>>> print(open('input_23.txt').read())   # compact mmCIF, C-alpha atoms
# COMPACT_ATOMS: atom_id res chain seq x y z
CA MET A 572 64.39 74.53 10.50
CA ASP A 573 64.45 76.42 7.23
CA ASN A 574 66.61 75.54 4.23
CA ARG A 575 69.41 77.91 5.22
CA GLN A 576 69.83 76.21 8.61
CA ALA A 577 69.77 72.76 7.01
CA LEU A 578 72.39 73.80 4.46
CA GLY A 579 74.46 75.50 7.14
CA SER A 580 74.48 72.41 9.35
CA TRP A 581 75.56 70.29 6.39
CA LEU A 582 78.43 72.65 5.56
CA SER A 583 79.65 73.00 9.14
CA GLY A 584 79.69 69.26 9.81
CA PRO A 585 78.13 66.93 12.33
CA ARG A 586 79.99 68.27 15.36
CA ALA A 587 78.76 71.82 14.83
CA ALA A 588 75.23 70.59 14.22
CA ALA A 589 75.32 68.49 17.41
CA GLU A 590 76.71 71.41 19.44
CA GLU A 591 73.95 73.65 18.07
CA ALA A 592 71.45 71.03 19.23
CA GLY A 593 72.85 71.23 22.76
CA VAL A 594 75.40 68.38 22.93
CA ASP A 595 78.42 69.23 25.11
CA PHE A 596 81.62 67.64 23.84
CA GLY A 597 83.84 69.41 26.34
CA TYR A 598 87.29 70.64 25.38
CA ARG A 599 90.05 68.76 23.59
CA GLY A 600 91.86 66.51 26.02
CA GLN A 601 89.17 66.50 28.70
CA GLN A 602 88.60 62.74 28.31
CA LEU A 603 92.35 62.21 28.81
CA GLY A 604 92.44 64.30 31.98
CA LEU A 605 94.54 67.07 30.43
CA PRO A 606 94.10 70.78 31.14
CA GLU A 607 92.21 72.95 28.68
CA GLU A 608 94.95 75.57 28.26
CA GLY A 609 98.63 76.04 29.07
CA PRO A 610 101.37 73.47 29.70
CA GLY A 611 100.19 69.89 29.41
CA SER A 612 97.21 70.74 27.20
CA ILE A 613 96.62 69.14 23.80
CA ALA A 614 98.79 70.64 21.06
CA ARG A 615 96.84 72.58 18.45
CA PRO A 616 97.01 71.53 14.78
CA GLY A 617 98.88 74.66 13.66
CA ARG A 618 101.78 74.02 16.01
CA ARG A 619 101.88 70.35 15.09
CA LEU A 620 101.97 71.09 11.36
CA GLY A 621 104.63 73.75 11.89
CA ALA A 622 106.78 71.31 13.84
CA LEU A 623 106.39 68.69 11.12
CA ALA A 624 107.36 71.23 8.45
CA VAL A 625 110.54 72.12 10.36
CA ASP A 626 111.42 68.43 10.84
CA TRP A 627 110.73 67.66 7.17
CA ALA A 628 112.86 70.61 5.99
CA LEU A 629 115.69 69.45 8.26
CA CYS A 630 115.45 65.90 6.89
CA MET A 631 115.40 67.16 3.30
CA LEU A 632 118.46 69.29 4.00
CA ILE A 633 120.32 66.32 5.48
CA ALA A 634 119.33 64.06 2.56
CA TYR A 635 120.30 66.70 0.01
CA GLY A 636 123.58 67.71 1.63
CA LEU A 637 124.92 64.36 2.83
CA ILE A 638 123.46 61.73 0.51
CA THR A 639 122.17 62.80 -2.91
CA HIS A 640 123.91 66.19 -3.51
CA ARG A 641 121.04 67.22 -5.80
CA TYR A 642 117.28 67.39 -5.58
CA THR A 643 115.58 64.34 -7.08
CA GLN A 644 112.84 61.91 -6.09
CA VAL A 645 115.52 59.90 -4.30
CA THR A 646 116.16 62.88 -2.02
CA GLY A 647 112.56 62.73 -0.80
CA ASN A 648 112.80 58.98 -0.24
CA TRP A 649 115.93 59.41 1.84
CA ALA A 650 114.24 62.22 3.76
CA VAL A 651 111.42 59.87 4.80
CA LEU A 652 113.96 57.38 6.15
CA ILE A 653 115.84 60.14 7.94
CA LEU A 654 112.56 61.43 9.42
CA PHE A 655 111.84 57.96 10.78
CA VAL A 656 115.29 57.65 12.36
CA LEU A 657 115.19 61.23 13.69
CA SER A 658 111.78 60.67 15.23
CA VAL A 659 112.68 57.34 16.85
CA LEU A 660 115.93 58.67 18.30
CA THR A 661 114.67 62.03 19.56
CA VAL A 662 111.13 61.18 20.69
CA GLY A 663 112.40 57.94 22.20
CA THR A 664 115.02 59.72 24.30
CA VAL A 665 113.93 63.29 25.08
CA GLY A 666 110.27 63.22 24.00
CA PHE A 667 110.39 65.68 21.10
CA THR A 668 111.93 66.27 17.69
CA PRO A 669 113.78 69.51 16.88
CA GLY A 670 110.64 70.92 15.25
CA LYS A 671 108.45 69.99 18.21
CA ARG A 672 110.92 71.61 20.60
CA LEU A 673 110.97 74.77 18.50
CA PHE A 674 107.15 74.95 18.65
CA GLY A 675 106.98 74.05 22.37
CA LEU A 676 105.56 70.53 22.03
CA ARG A 677 106.42 67.10 23.33
CA VAL A 678 105.12 63.58 22.89
CA ALA A 679 104.01 61.79 26.04
CA SER A 680 102.23 58.60 26.93
CA VAL A 681 98.51 58.88 27.66
CA ARG A 682 99.23 57.21 31.00
CA GLY A 683 101.93 59.79 31.76
CA GLY A 684 105.68 59.73 31.26
CA ARG A 685 107.55 58.80 28.09
CA LEU A 686 106.71 56.26 25.44
CA GLY A 687 108.60 52.99 25.16
CA ILE A 688 110.88 52.48 22.17
CA LEU A 689 108.48 50.08 20.42
CA ARG A 690 105.62 52.55 20.68
CA VAL A 691 107.88 55.33 19.42
CA ALA A 692 108.91 53.17 16.45
CA LEU A 693 105.25 52.38 15.66
CA ARG A 694 104.29 56.04 15.94
CA SER A 695 107.20 57.13 13.75
CA ALA A 696 106.39 54.56 11.07
CA LEU A 697 102.78 55.72 10.98
CA VAL A 698 103.87 59.36 10.70
CA CYS A 699 106.03 58.42 7.71
CA LEU A 700 102.99 56.82 6.06
CA ALA A 701 101.24 60.23 6.44
CA LEU A 702 97.63 59.01 6.15
CA PRO A 703 97.22 57.93 9.81
CA ALA A 704 98.47 61.35 10.90
CA LEU A 705 95.73 63.03 8.84
CA ILE A 706 92.84 61.22 10.54
CA TRP A 707 92.05 62.80 13.92
CA ASP A 708 89.70 61.98 16.76
CA ARG A 709 87.67 64.52 18.72
CA ASP A 710 90.61 65.22 21.04
CA GLY A 711 92.77 66.18 18.07
CA ARG A 712 94.96 63.08 18.23
CA GLY A 713 95.90 61.40 14.97
CA LEU A 714 95.63 57.66 14.44
CA HIS A 715 99.40 57.43 14.84
CA ASP A 716 99.03 58.81 18.38
CA ARG A 717 96.01 56.63 19.22
CA PHE A 718 97.65 53.40 18.03
CA SER A 719 100.82 54.13 20.00
CA GLY A 720 99.06 55.41 23.13
CA ALA A 721 100.63 58.85 22.76
CA VAL A 722 99.46 62.42 23.00
CA GLN A 723 101.17 65.63 21.84
CA VAL A 724 101.07 68.26 24.55
CA ARG A 725 102.37 71.77 25.03
CA ILE A 726 105.49 72.25 27.12
>>> encode(input="input_23.txt", output="structure tokens")
Amino acid sequence: MDNRQALGSWLSGPRAAAEEAGVDFGYRGQQLGLPEEGPGSIARPGRRLGALAVDWALCMLIAYGLITHRYTQVTGNWAVLILFVLSVLTVGTVGFTPGKRLFGLRVASVRGGRLGILRVALRSALVCLALPALIWDRDGRGLHDRFSGAVQVRI
């Protein structure tokens, strides 16, 4: 291995270096028994971030229009609380938030079916903390999904 390959493997990360060495990780969701593509497959990060942006904008609009009537730090604080309530109510009942529905996603239990209300509340609280949602496993699930036994799939 020359210096360019060593530098390239360092820049691309351990997964790319392992794949180049012949390790087969499979596709995202294979360990969970989900299909590789189409309905029921793991949601891609772009769709998930888009759905979160729509939900956050909706929560900011509600906080601005109904509670604070101007944009301040308090508006953002109210928006976090509204996001928590929105997530618990919508994911707990129909399995998706308005943003997730718009992007064709839903939250399901790893075992199949819907999540229980306590798991939805745990997942929603972790999403509001933000950091657990930014740490992903090799299937593309954030810590908030792992801790609650959930997976975001395409509809």
>>> residues_around(input="input_23.txt", residues="Phe667 of chain A", least_positions_apart="3", cutoff="9 Å", atoms="all atoms listed in the file", output="number ranges by chain")
A: 658, 661-664, 670-672, 676-679
>>> residues_around(input="input_23.txt", residues="segment 586-600 of chain A", least_positions_apart="2", cutoff="8 Å", atoms="only C-alpha atoms", output="MDAnalysis selection string")
chainID A and resid 580:581 583:584 602:607 612:613 709:711
>>> residues_around(input="input_23.txt", residues="segment 621-633 of chain A", least_positions_apart="6", cutoff="9 Å", atoms="all atoms listed in the file", output="PDB file with C-alpha atoms, keeping the file's coordinate frame")
ATOM      1  CA  THR A 646     116.160  62.880  -2.020  1.00  0.00           C
ATOM      2  CA  GLY A 647     112.560  62.730  -0.800  1.00  0.00           C
ATOM      3  CA  TRP A 649     115.930  59.410   1.840  1.00  0.00           C
ATOM      4  CA  ALA A 650     114.240  62.220   3.760  1.00  0.00           C
ATOM      5  CA  VAL A 651     111.420  59.870   4.800  1.00  0.00           C
ATOM      6  CA  LEU A 652     113.960  57.380   6.150  1.00  0.00           C
ATOM      7  CA  ILE A 653     115.840  60.140   7.940  1.00  0.00           C
ATOM      8  CA  LEU A 654     112.560  61.430   9.420  1.00  0.00           C
ATOM      9  CA  LEU A 657     115.190  61.230  13.690  1.00  0.00           C
ATOM     10  CA  SER A 658     111.780  60.670  15.230  1.00  0.00           C
ATOM     11  CA  THR A 668     111.930  66.270  17.690  1.00  0.00           C
ATOM     12  CA  PRO A 669     113.780  69.510  16.880  1.00  0.00           C
ATOM     13  CA  GLY A 670     110.640  70.920  15.250  1.00  0.00           C
ATOM     14  CA  LYS A 671     108.450  69.990  18.210  1.00  0.00           C
ATOM     15  CA  ARG A 672     110.920  71.610  20.600  1.00  0.00           C
ATOM     16  CA  LEU A 673     110.970  74.770  18.500  1.00  0.00           C
ATOM     17  CA  PHE A 674     107.150  74.950  18.650  1.00  0.00           C
ATOM     18  CA  GLY A 675     106.980  74.050  22.370  1.00  0.00           C
ATOM     19  CA  LEU A 676     105.560  70.530  22.030  1.00  0.00           C
TER      20      LEU A 676
END
>>> atom_distance(input="input_23.txt", atom1="atom CA of Phe655 of chain A", atom2="atom CA of Cys699 of chain A")
6.6 Å
>>> residues_around(input="input_23.txt", residues="segment 682-689 of chain A", least_positions_apart="5", cutoff="8 Å", atoms="all atoms listed in the file", output="number ranges by chain")
A: 659, 663, 666, 721
>>> atom_distance(input="input_23.txt", atom1="atom CA of Leu702 of chain A", atom2="atom CA of Gly611 of chain A")
25.8 Å
>>> atom_distance(input="input_23.txt", atom1="atom CA of Val724 of chain A", atom2="atom CA of Leu693 of chain A")
18.7 Å
